[in-house]
Each structure stands twice: as C-alpha cells, then as structure tokens.
file input-v5.cif (mmCIF, C-alpha atoms)
data_input
#
loop_
_atom_site.group_PDB
_atom_site.id
_atom_site.type_symbol
_atom_site.label_atom_id
_atom_site.label_comp_id
_atom_site.auth_asym_id
_atom_site.auth_seq_id
_atom_site.Cartn_x
_atom_site.Cartn_y
_atom_site.Cartn_z
ATOM 1 C CA MET M 1378 95.061 78.362 66.062
ATOM 2 C CA THR M 1379 96.793 80.835 68.351
ATOM 3 C CA SER M 1380 98.804 79.176 71.099
ATOM 4 C CA LEU M 1381 99.911 80.430 74.471
ATOM 5 C CA LEU M 1382 102.748 79.224 76.647
ATOM 6 C CA ILE M 1383 101.608 78.943 80.254
ATOM 7 C CA LYS M 1384 104.390 78.300 82.742
ATOM 8 C CA THR M 1385 103.692 75.585 85.256
ATOM 9 C CA GLU M 1386 105.824 73.897 87.868
ATOM 10 C CA PRO M 1387 107.931 71.880 87.484
ATOM 11 C CA ALA M 1388 107.658 71.799 83.677
ATOM 12 C CA HIS M 1389 106.293 74.068 80.948
ATOM 13 C CA LEU M 1390 102.913 73.223 79.467
ATOM 14 C CA LYS M 1391 101.761 74.589 76.133
ATOM 15 C CA LEU M 1392 98.045 75.423 76.109
ATOM 16 C CA ASP M 1393 95.952 76.947 73.344
ATOM 17 C CA LEU M 1394 93.355 79.654 73.798
ATOM 18 C CA ALA M 1395 90.506 77.210 73.111
ATOM 19 C CA PHE M 1396 91.608 75.189 76.146
ATOM 20 C CA LEU M 1397 91.694 78.298 78.298
ATOM 21 C CA THR M 1398 88.256 79.375 77.110
ATOM 22 C CA ALA M 1399 86.817 75.956 77.914
ATOM 23 C CA SER M 1400 87.986 76.283 81.521
ATOM 24 C CA LEU M 1401 86.319 79.667 82.058
ATOM 25 C CA PRO M 1402 85.168 81.334 84.181
ATOM 26 C CA ILE M 1403 88.027 81.275 86.655
ATOM 27 C CA THR M 1404 87.855 82.425 90.234
ATOM 28 C CA GLU M 1405 89.827 85.333 91.660
ATOM 29 C CA ALA M 1406 92.155 82.866 93.419
ATOM 30 C CA GLN M 1407 92.746 80.924 90.192
ATOM 31 C CA PHE M 1408 93.427 84.168 88.354
ATOM 32 C CA TYR M 1409 95.969 85.184 90.972
ATOM 33 C CA GLN M 1410 97.770 81.851 90.617
ATOM 34 C CA LEU M 1411 97.693 82.142 86.823
ATOM 35 C CA CYS M 1412 99.378 85.543 87.038
ATOM 36 C CA LEU M 1413 101.969 84.290 89.534
ATOM 37 C CA SER M 1414 102.818 81.435 87.174
ATOM 38 C CA ASN M 1415 103.123 83.802 84.207
ATOM 39 C CA PRO M 1416 104.819 86.987 85.436
ATOM 40 C CA ASP M 1417 105.829 87.989 81.901
ATOM 41 C CA LEU M 1418 102.230 88.134 80.690
ATOM 42 C CA ARG M 1419 99.789 91.014 81.104
ATOM 43 C CA ILE M 1420 96.484 89.368 81.960
ATOM 44 C CA GLU M 1421 93.108 90.879 82.768
ATOM 45 C CA ARG M 1422 89.999 89.254 84.260
ATOM 46 C CA SER M 1423 86.445 90.412 83.607
ATOM 47 C CA ALA M 1424 83.710 90.613 86.234
ATOM 48 C CA LEU M 1425 82.389 87.305 84.825
ATOM 49 C CA GLY M 1426 85.718 85.542 85.324
ATOM 50 C CA GLU M 1427 86.771 85.657 81.676
ATOM 51 C CA ILE M 1428 90.478 86.211 81.056
ATOM 52 C CA THR M 1429 92.175 88.281 78.401
ATOM 53 C CA ILE M 1430 95.828 87.868 77.504
ATOM 54 C CA ILE M 1431 97.039 91.301 76.404
ATOM 55 C CA PRO M 1432 99.850 91.067 73.847
ATOM 56 C CA PRO M 1433 102.959 93.205 74.286
ATOM 57 C CA ALA M 1434 102.561 96.681 72.838
ATOM 58 C CA PHE M 1435 104.248 97.368 69.542
ATOM 59 C CA SER M 1436 107.331 99.547 69.952
ATOM 60 C CA ASP M 1437 105.648 102.711 68.712
ATOM 61 C CA THR M 1438 102.687 102.283 71.071
ATOM 62 C CA GLY M 1439 105.053 101.625 73.968
ATOM 63 C CA ASN M 1440 106.893 104.822 73.154
ATOM 64 C CA ARG M 1441 103.640 106.823 73.192
ATOM 65 C CA ASN M 1442 102.553 105.145 76.435
ATOM 66 C CA PHE M 1443 105.806 106.191 78.057
ATOM 67 C CA LYS M 1444 105.303 109.789 76.954
ATOM 68 C CA ILE M 1445 101.825 109.777 78.501
ATOM 69 C CA SER M 1446 102.997 108.283 81.796
ATOM 70 C CA TYR M 1447 105.951 110.664 81.835
ATOM 71 C CA GLN M 1448 103.664 113.680 81.648
ATOM 72 C CA VAL M 1449 101.350 112.341 84.342
ATOM 73 C CA GLY M 1450 104.329 111.393 86.516
ATOM 74 C CA ASN M 1451 105.942 114.822 86.234
ATOM 75 C CA TRP M 1452 102.703 116.529 87.178
ATOM 76 C CA ALA M 1453 102.089 114.116 90.078
ATOM 77 C CA GLU M 1454 105.597 114.681 91.453
ATOM 78 C CA GLN M 1455 104.957 118.416 91.640
ATOM 79 C CA ASP M 1456 101.338 118.104 92.786
ATOM 80 C CA GLY M 1457 102.101 115.600 95.533
ATOM 81 C CA THR M 1458 98.547 114.395 96.130
ATOM 82 C CA GLY M 1459 98.620 111.035 94.387
ATOM 83 C CA GLU M 1460 100.495 108.019 93.058
ATOM 84 C CA VAL M 1461 101.066 107.075 89.401
ATOM 85 C CA PHE M 1462 101.184 103.535 88.006
ATOM 86 C CA ASP M 1463 102.144 102.192 84.598
ATOM 87 C CA SER M 1464 100.464 99.498 82.514
ATOM 88 C CA SER M 1465 102.066 96.648 84.450
ATOM 89 C CA ALA M 1466 99.914 97.407 87.532
ATOM 90 C CA GLY M 1467 96.611 95.589 87.986
ATOM 91 C CA PHE M 1468 93.680 96.741 90.104
ATOM 92 C CA THR M 1469 90.601 94.835 91.267
ATOM 93 C CA LEU M 1470 87.481 96.902 90.682
ATOM 94 C CA PRO M 1471 84.386 96.702 92.913
ATOM 95 C CA ASN M 1472 82.652 94.478 90.331
ATOM 96 C CA GLY M 1473 85.453 91.902 90.657
ATOM 97 C CA ALA M 1474 87.201 92.642 87.370
ATOM 98 C CA THR M 1475 90.976 92.999 87.388
ATOM 99 C CA ARG M 1476 92.157 95.662 84.954
ATOM 100 C CA SER M 1477 95.509 97.189 83.983
ATOM 101 C CA PRO M 1478 95.050 100.686 82.532
ATOM 102 C CA ASP M 1479 97.909 102.085 80.474
ATOM 103 C CA THR M 1480 98.365 104.914 83.005
ATOM 104 C CA THR M 1481 96.732 105.194 86.423
ATOM 105 C CA TRP M 1482 96.620 107.855 89.132
ATOM 106 C CA ILE M 1483 95.239 107.334 92.656
ATOM 107 C CA LEU M 1484 94.928 109.855 95.465
ATOM 108 C CA SER M 1485 97.549 109.160 98.139
ATOM 109 C CA ASP M 1486 94.997 109.145 100.964
ATOM 110 C CA ARG M 1487 93.043 106.357 99.254
ATOM 111 C CA TRP M 1488 96.155 104.391 98.286
ATOM 112 C CA ASN M 1489 97.650 104.639 101.780
ATOM 113 C CA ALA M 1490 94.396 103.378 103.317
ATOM 114 C CA LEU M 1491 95.103 99.970 101.777
ATOM 115 C CA THR M 1492 96.970 97.331 103.747
ATOM 116 C CA PRO M 1493 100.497 96.293 102.681
ATOM 117 C CA GLU M 1494 99.034 92.953 101.583
ATOM 118 C CA GLU M 1495 96.443 94.688 99.394
ATOM 119 C CA LYS M 1496 99.080 96.911 97.811
ATOM 120 C CA ALA M 1497 101.245 93.866 97.066
ATOM 121 C CA SER M 1498 98.418 92.146 95.202
ATOM 122 C CA PHE M 1499 95.942 93.426 92.607
ATOM 123 C CA ALA M 1500 94.891 96.283 94.858
ATOM 124 C CA PRO M 1501 91.130 96.338 95.533
ATOM 125 C CA ILE M 1502 90.582 99.933 94.512
ATOM 126 C CA ALA M 1503 89.066 101.914 91.658
ATOM 127 C CA PRO M 1504 91.661 104.423 90.442
ATOM 128 C CA ASP M 1505 90.761 108.101 90.415
ATOM 129 C CA PHE M 1506 92.115 108.595 86.885
ATOM 130 C CA VAL M 1507 92.925 106.218 84.043
ATOM 131 C CA ILE M 1508 94.222 106.517 80.491
ATOM 132 C CA GLU M 1509 93.914 103.909 77.765
ATOM 133 C CA LEU M 1510 95.839 104.332 74.505
ATOM 134 C CA ARG M 1511 94.344 102.406 71.602
ATOM 135 C CA SER M 1512 96.839 100.111 69.924
ATOM 136 C CA SER M 1513 96.511 98.422 66.541
ATOM 137 C CA SER M 1514 95.240 95.255 68.251
ATOM 138 C CA ASP M 1515 92.481 97.063 70.198
ATOM 139 C CA THR M 1516 88.949 97.541 68.946
ATOM 140 C CA LEU M 1517 87.403 100.916 69.704
ATOM 141 C CA LYS M 1518 84.228 99.244 71.001
ATOM 142 C CA GLY M 1519 86.213 97.049 73.377
ATOM 143 C CA LEU M 1520 88.050 100.029 74.845
ATOM 144 C CA GLN M 1521 84.844 102.058 75.089
ATOM 145 C CA ASP M 1522 83.255 99.224 77.061
ATOM 146 C CA LYS M 1523 86.288 99.111 79.334
ATOM 147 C CA MET M 1524 86.164 102.866 79.915
ATOM 148 C CA GLN M 1525 82.481 102.646 80.796
ATOM 149 C CA GLU M 1526 83.287 99.871 83.262
ATOM 150 C CA TYR M 1527 85.924 102.065 84.895
ATOM 151 C CA ILE M 1528 83.438 104.912 85.351
ATOM 152 C CA GLU M 1529 80.689 102.622 86.664
ATOM 153 C CA ASN M 1530 83.125 101.289 89.272
ATOM 154 C CA GLY M 1531 84.221 104.622 90.705
ATOM 155 C CA VAL M 1532 86.851 106.096 88.384
ATOM 156 C CA ARG M 1533 86.356 109.867 88.357
ATOM 157 C CA LEU M 1534 88.047 110.681 85.052
ATOM 158 C CA GLY M 1535 89.120 108.552 82.110
ATOM 159 C CA LEU M 1536 90.767 109.308 78.788
ATOM 160 C CA LEU M 1537 90.596 107.000 75.795
ATOM 161 C CA ILE M 1538 93.147 108.112 73.213
ATOM 162 C CA ASP M 1539 92.551 106.900 69.672
ATOM 163 C CA ARG M 1540 95.565 107.761 67.547
ATOM 164 C CA LYS M 1541 93.988 106.197 64.460
ATOM 165 C CA SER M 1542 91.249 108.837 64.328
ATOM 166 C CA ARG M 1543 93.233 111.454 66.271
ATOM 167 C CA CYS M 1544 90.563 111.951 68.891
ATOM 168 C CA VAL M 1545 90.294 111.690 72.673
ATOM 169 C CA HIS M 1546 87.218 110.367 74.458
ATOM 170 C CA ARG M 1547 86.896 111.934 77.926
ATOM 171 C CA TYR M 1548 84.770 110.038 80.459
ATOM 172 C CA ARG M 1549 83.224 111.310 83.695
ATOM 173 C CA PRO M 1550 80.521 109.825 85.956
ATOM 174 C CA GLY M 1551 76.982 110.856 85.108
ATOM 175 C CA GLN M 1552 77.951 112.364 81.751
ATOM 176 C CA LEU M 1553 78.087 111.200 78.170
ATOM 177 C CA PRO M 1554 81.668 110.820 76.915
ATOM 178 C CA GLU M 1555 83.108 113.951 75.315
ATOM 179 C CA VAL M 1556 84.865 113.380 72.002
ATOM 180 C CA LEU M 1557 87.685 115.839 71.362
ATOM 181 C CA ASP M 1558 88.752 115.962 67.714
ATOM 182 C CA ASN M 1559 92.507 116.273 67.178
ATOM 183 C CA PRO M 1560 93.129 118.332 70.330
ATOM 184 C CA GLU M 1561 96.496 119.932 70.990
ATOM 185 C CA THR M 1562 95.933 119.566 74.740
ATOM 186 C CA VAL M 1563 93.430 117.789 76.986
ATOM 187 C CA SER M 1564 92.516 119.357 80.318
ATOM 188 C CA CYS M 1565 92.128 116.949 83.242
ATOM 189 C CA GLU M 1566 90.806 119.530 85.662
ATOM 190 C CA PRO M 1567 89.218 119.669 88.151
ATOM 191 C CA GLU M 1568 89.996 116.032 89.021
ATOM 192 C CA LEU M 1569 93.740 116.574 88.472
ATOM 193 C CA ALA M 1570 94.296 120.199 89.427
ATOM 194 C CA GLY M 1571 96.504 121.981 86.918
ATOM 195 C CA PHE M 1572 97.177 118.939 84.728
ATOM 196 C CA VAL M 1573 96.887 119.336 80.959
ATOM 197 C CA LEU M 1574 97.957 116.452 78.706
ATOM 198 C CA LYS M 1575 99.973 117.677 75.723
ATOM 199 C CA MET M 1576 99.157 115.617 72.653
ATOM 200 C CA ALA M 1577 101.844 116.613 70.119
ATOM 201 C CA LYS M 1578 104.259 113.769 70.955
ATOM 202 C CA ILE M 1579 101.429 111.289 71.512
ATOM 203 C CA TRP M 1580 99.915 111.578 68.048
#

call {"tool": "encode", "arguments": {"input": "input-v5.cif", "output": "structure tokens"}}
result
Amino acid sequence: MTSLLIKTEPAHLKLDLAFLTASLPITEAQFYQLCLSNPDLRIERSALGEITIIPPAFSDTGNRNFKISYQVGNWAEQDGTGEVFDSSAGFTLPNGATRSPDTTWILSDRWNALTPEEKASFAPIAPDFVIELRSSSDTLKGLQDKMQEYIENGVRLGLLIDRKSRCVHRYRPGQLPEVLDNPETVSCEPELAGFVLKMAKIW
C-alpha cells in the first residue's frame, strides 16, 4: 500500500492513502490547513472535496515544464498585460476546486483586482490561460477532464501537451478541443497576442 507522510504538530504522523480517502470529502478550510502542514507537497482538491497528492515531476518532465514557463514568461515580460505562475501556484476555481496548472497566465487587471489576502492564499480566480504537460504518471483521460473543468470555469485558452503521442490539445470555450499532431509551433492568439509556443525543446 502506498504511504504518505503528513506533517502534523508537534510530531510527524504517517498516514496511508486509504486513511485519507476514508476521511473525504474535506472542506476548503481543512484543505487549506492540510496544505499549510505539508508545504513540500503539491496537493489539489476537486469540486467534491476529494484530494489528489501530485508526485514530484521526474527530472525530464521538470526540464520541459521549465522550458514552457520560460517561453510564456519571456513573452509576458515583453507584452506586459499579465502575470505568469509556475506549477507551485494553486487557484480556487468558481466550482470550488483548487488546481495547480503547470503554467498559468492571468491578465494583470484581473489579478490586481484581488485583495492581498486572496493573492496570499489559493487565489479565487480562473486563470485566463493554462498549460498542462502530461507526465508518465498522468492519464490522458484525467488531464482531459481537468482541461474541460478549466474551460467550464472561465479559462479562455488551455493547452494539454502530450509528449507520448507528440500532440497538443487546444481548448477554448464553446468549441471542441483541437488536436494538433506533432506541431512545430502552437499559436495562442488571439487570447495571448503575439505568443507562439515553440515545441522543439518541449518534445
């Protein structure tokens, strides 16, 4: 059985995933305390209060994630209309789920409308743009469901990158996902004016 070390005060308590599952669903407040007690873990919460412990990315996936965020960050620095976040940032969607996309971009006007307290927590905002990079531990169906959830909660553009099949799924509200087969570049216009994701170093 897989085990998970959950830090508690004053001592450490070792819990297994079956124990965690038995205590579900957890409230937003309980989830917040769980994350505070385990700052080294990347944890997500579904709209139903179910939690998912996301394992650390393998080195190769982390390298590709950095290259994606680097491209988005460089574009955002020149564009100046939004803020970029890496996979360590969590956001609370309108349906109550707390998600941590691999790369996130939010328009500055929307981000700055949040209070300092909201920014310092799992900000209650649907990002404008998200990217998820499939790792060896991800199922395609699970990521597709997550991308659909993003779109249904207000995300305007989402990219699901599947290195295994060398394709990119591009999501927009009110449209069926586009599947791009082994693209050299992926345009993110008009949502991100002038931004084109170069895939050579991501594959």

call {"tool": "residues_around", "arguments": {"input": "input-v5.cif", "residues": "range 1467-1476 of chain M", "least_positions_apart": "3", "cutoff": "12 Å", "atoms": "all atoms listed in the file", "output": "MDAnalysis selection string"}}
result
chainID M and resid 1402:1406 1408:1409 1412 1418:1431 1462:1464 1479:1483 1488 1495:1505 1507:1509 1520 1523:1524 1526:1532

call {"tool": "closest_residue", "arguments": {"input": "input-v5.cif", "among": "M:Ile1579, M:Glu1555, M:Phe1572, M:Thr1516", "to": "Val1449 in chain M", "atoms": "all atoms listed in the file"}}
result
M:Phe1572

call {"tool": "atom_distance", "arguments": {"input": "input-v5.cif", "atom1": "CA of Ser1512 in chain M", "atom2": "CA of Thr1438 in chain M"}}
result
6.3 Å

call {"tool": "atom_distance", "arguments": {"input": "input-v5.cif", "atom1": "CA of Gly1535 in chain M", "atom2": "CA of Arg1549 in chain M"}}
result
6.7 Å

call {"tool": "atom_distance", "arguments": {"input": "input-v5.cif", "atom1": "CA of Leu1553 in chain M", "atom2": "CA of Leu1517 in chain M"}}
result
16.3 Å

call {"tool": "resolve_selection", "arguments": {"input": "input-v5.cif", "expression": "the PyMOL selection byres ((chain M and resi 1574) around 12)", "output": "NGL selection string"}}
result
:M and (1444-1452 or 1508 or 1536 or 1538 or 1545 or 1547 or 1560-1566 or 1569-1573 or 1575-1580)

call {"tool": "write_last_selection", "arguments": {"input": "input-v5.cif", "atoms": "C-alpha atoms", "output": "PDB file, in the coordinates of the input"}}
result
ATOM      1  CA  LYS M1444     105.303 109.789  76.954  1.00  0.00           C
ATOM      2  CA  ILE M1445     101.825 109.777  78.501  1.00  0.00           C
ATOM      3  CA  SER M1446     102.997 108.283  81.796  1.00  0.00           C
ATOM      4  CA  TYR M1447     105.951 110.664  81.835  1.00  0.00           C
ATOM      5  CA  GLN M1448     103.664 113.680  81.648  1.00  0.00           C
ATOM      6  CA  VAL M1449     101.350 112.341  84.342  1.00  0.00           C
ATOM      7  CA  GLY M1450     104.329 111.393  86.516  1.00  0.00           C
ATOM      8  CA  ASN M1451     105.942 114.822  86.234  1.00  0.00           C
ATOM      9  CA  TRP M1452     102.703 116.529  87.178  1.00  0.00           C
ATOM     10  CA  ILE M1508      94.222 106.517  80.491  1.00  0.00           C
ATOM     11  CA  LEU M1536      90.767 109.308  78.788  1.00  0.00           C
ATOM     12  CA  ILE M1538      93.147 108.112  73.213  1.00  0.00           C
ATOM     13  CA  VAL M1545      90.294 111.690  72.673  1.00  0.00           C
ATOM     14  CA  ARG M1547      86.896 111.934  77.926  1.00  0.00           C
ATOM     15  CA  PRO M1560      93.129 118.332  70.330  1.00  0.00           C
ATOM     16  CA  GLU M1561      96.496 119.932  70.990  1.00  0.00           C
ATOM     17  CA  THR M1562      95.933 119.566  74.740  1.00  0.00           C
ATOM     18  CA  VAL M1563      93.430 117.789  76.986  1.00  0.00           C
ATOM     19  CA  SER M1564      92.516 119.357  80.318  1.00  0.00           C
ATOM     20  CA  CYS M1565      92.128 116.949  83.242  1.00  0.00           C
ATOM     21  CA  GLU M1566      90.806 119.530  85.662  1.00  0.00           C
ATOM     22  CA  LEU M1569      93.740 116.574  88.472  1.00  0.00           C
ATOM     23  CA  ALA M1570      94.296 120.199  89.427  1.00  0.00           C
ATOM     24  CA  GLY M1571      96.504 121.981  86.918  1.00  0.00           C
ATOM     25  CA  PHE M1572      97.177 118.939  84.728  1.00  0.00           C
ATOM     26  CA  VAL M1573      96.887 119.336  80.959  1.00  0.00           C
ATOM     27  CA  LYS M1575      99.973 117.677  75.723  1.00  0.00           C
ATOM     28  CA  MET M1576      99.157 115.617  72.653  1.00  0.00           C
ATOM     29  CA  ALA M1577     101.844 116.613  70.119  1.00  0.00           C
ATOM     30  CA  LYS M1578     104.259 113.769  70.955  1.00  0.00           C
ATOM     31  CA  ILE M1579     101.429 111.289  71.512  1.00  0.00           C
ATOM     32  CA  TRP M1580      99.915 111.578  68.048  1.00  0.00           C
TER      33      TRP M1580
END

call {"tool": "axis_aligned_box", "arguments": {"input": "input-v5.cif", "around": "range 1528-1536 of chain M", "padding_each_side": "6 Å", "output": "AutoDock Vina command-line options"}}
result
--center_x 85.7 --center_y 106.0 --center_z 84.7 --size_x 22.1 --size_y 21.4 --size_z 23.9

call {"tool": "build_atoms", "arguments": {"input": "input-v5.cif", "residues": "range 1539-1558 of chain M", "atoms": "N, CA and C atoms", "output": "mmCIF file, keeping the file's coordinate frame"}}
result
data_model
loop_
_atom_site.group_PDB
_atom_site.id
_atom_site.type_symbol
_atom_site.label_atom_id
_atom_site.label_comp_id
_atom_site.auth_asym_id
_atom_site.auth_seq_id
_atom_site.Cartn_x
_atom_site.Cartn_y
_atom_site.Cartn_z
ATOM 1 N N ASP M 1539 92.599 107.667 70.912
ATOM 2 C CA ASP M 1539 92.551 106.900 69.672
ATOM 3 C C ASP M 1539 93.424 107.599 68.638
ATOM 4 N N ARG M 1540 94.644 107.127 68.490
ATOM 5 C CA ARG M 1540 95.565 107.761 67.547
ATOM 6 C C ARG M 1540 95.110 107.581 66.107
ATOM 7 N N LYS M 1541 94.415 106.468 65.831
ATOM 8 C CA LYS M 1541 93.988 106.197 64.460
ATOM 9 C C LYS M 1541 93.089 107.300 63.930
ATOM 10 N N SER M 1542 92.158 107.767 64.752
ATOM 11 C CA SER M 1542 91.249 108.837 64.328
ATOM 12 C C SER M 1542 91.623 110.189 64.919
ATOM 13 N N ARG M 1543 92.744 110.217 65.651
ATOM 14 C CA ARG M 1543 93.233 111.454 66.271
ATOM 15 C C ARG M 1543 92.142 112.145 67.101
ATOM 16 N N CYS M 1544 91.552 111.361 67.994
ATOM 17 C CA CYS M 1544 90.563 111.951 68.891
ATOM 18 C C CYS M 1544 90.737 111.364 70.297
ATOM 19 N N VAL M 1545 90.232 112.105 71.276
ATOM 20 C CA VAL M 1545 90.294 111.690 72.673
ATOM 21 C C VAL M 1545 88.871 111.652 73.214
ATOM 22 N N HIS M 1546 88.516 110.520 73.816
ATOM 23 C CA HIS M 1546 87.218 110.367 74.458
ATOM 24 C C HIS M 1546 87.423 110.602 75.960
ATOM 25 N N ARG M 1547 86.731 111.593 76.509
ATOM 26 C CA ARG M 1547 86.896 111.934 77.926
ATOM 27 C C ARG M 1547 85.645 111.495 78.691
ATOM 28 N N TYR M 1548 85.862 110.650 79.699
ATOM 29 C CA TYR M 1548 84.770 110.038 80.459
ATOM 30 C C TYR M 1548 84.705 110.598 81.880
ATOM 31 N N ARG M 1549 83.488 110.900 82.321
ATOM 32 C CA ARG M 1549 83.224 111.310 83.695
ATOM 33 C C ARG M 1549 81.913 110.677 84.158
ATOM 34 N N PRO M 1550 81.768 110.415 85.453
ATOM 35 C CA PRO M 1550 80.521 109.825 85.956
ATOM 36 C C PRO M 1550 79.324 110.730 85.672
ATOM 37 N N GLY M 1551 78.216 110.120 85.300
ATOM 38 C CA GLY M 1551 76.982 110.856 85.108
ATOM 39 C C GLY M 1551 76.932 111.711 83.863
ATOM 40 N N GLN M 1552 77.910 111.566 82.971
ATOM 41 C CA GLN M 1552 77.951 112.364 81.751
ATOM 42 C C GLN M 1552 78.200 111.451 80.547
ATOM 43 N N LEU M 1553 77.722 111.888 79.396
ATOM 44 C CA LEU M 1553 78.087 111.200 78.170
ATOM 45 C C LEU M 1553 79.552 111.496 77.853
ATOM 46 N N PRO M 1554 80.265 110.555 77.261
ATOM 47 C CA PRO M 1554 81.668 110.820 76.915
ATOM 48 C C PRO M 1554 81.790 112.019 75.968
ATOM 49 N N GLU M 1555 82.785 112.863 76.231
ATOM 50 C CA GLU M 1555 83.108 113.951 75.315
ATOM 51 C C GLU M 1555 84.116 113.433 74.291
ATOM 52 N N VAL M 1556 83.917 113.778 73.038
ATOM 53 C CA VAL M 1556 84.865 113.380 72.002
ATOM 54 C C VAL M 1556 85.569 114.640 71.509
ATOM 55 N N LEU M 1557 86.874 114.697 71.746
ATOM 56 C CA LEU M 1557 87.685 115.839 71.362
ATOM 57 C C LEU M 1557 88.422 115.489 70.077
ATOM 58 N N ASP M 1558 88.183 116.251 69.027
ATOM 59 C CA ASP M 1558 88.752 115.962 67.714
ATOM 60 C C ASP M 1558 90.112 116.637 67.544
#
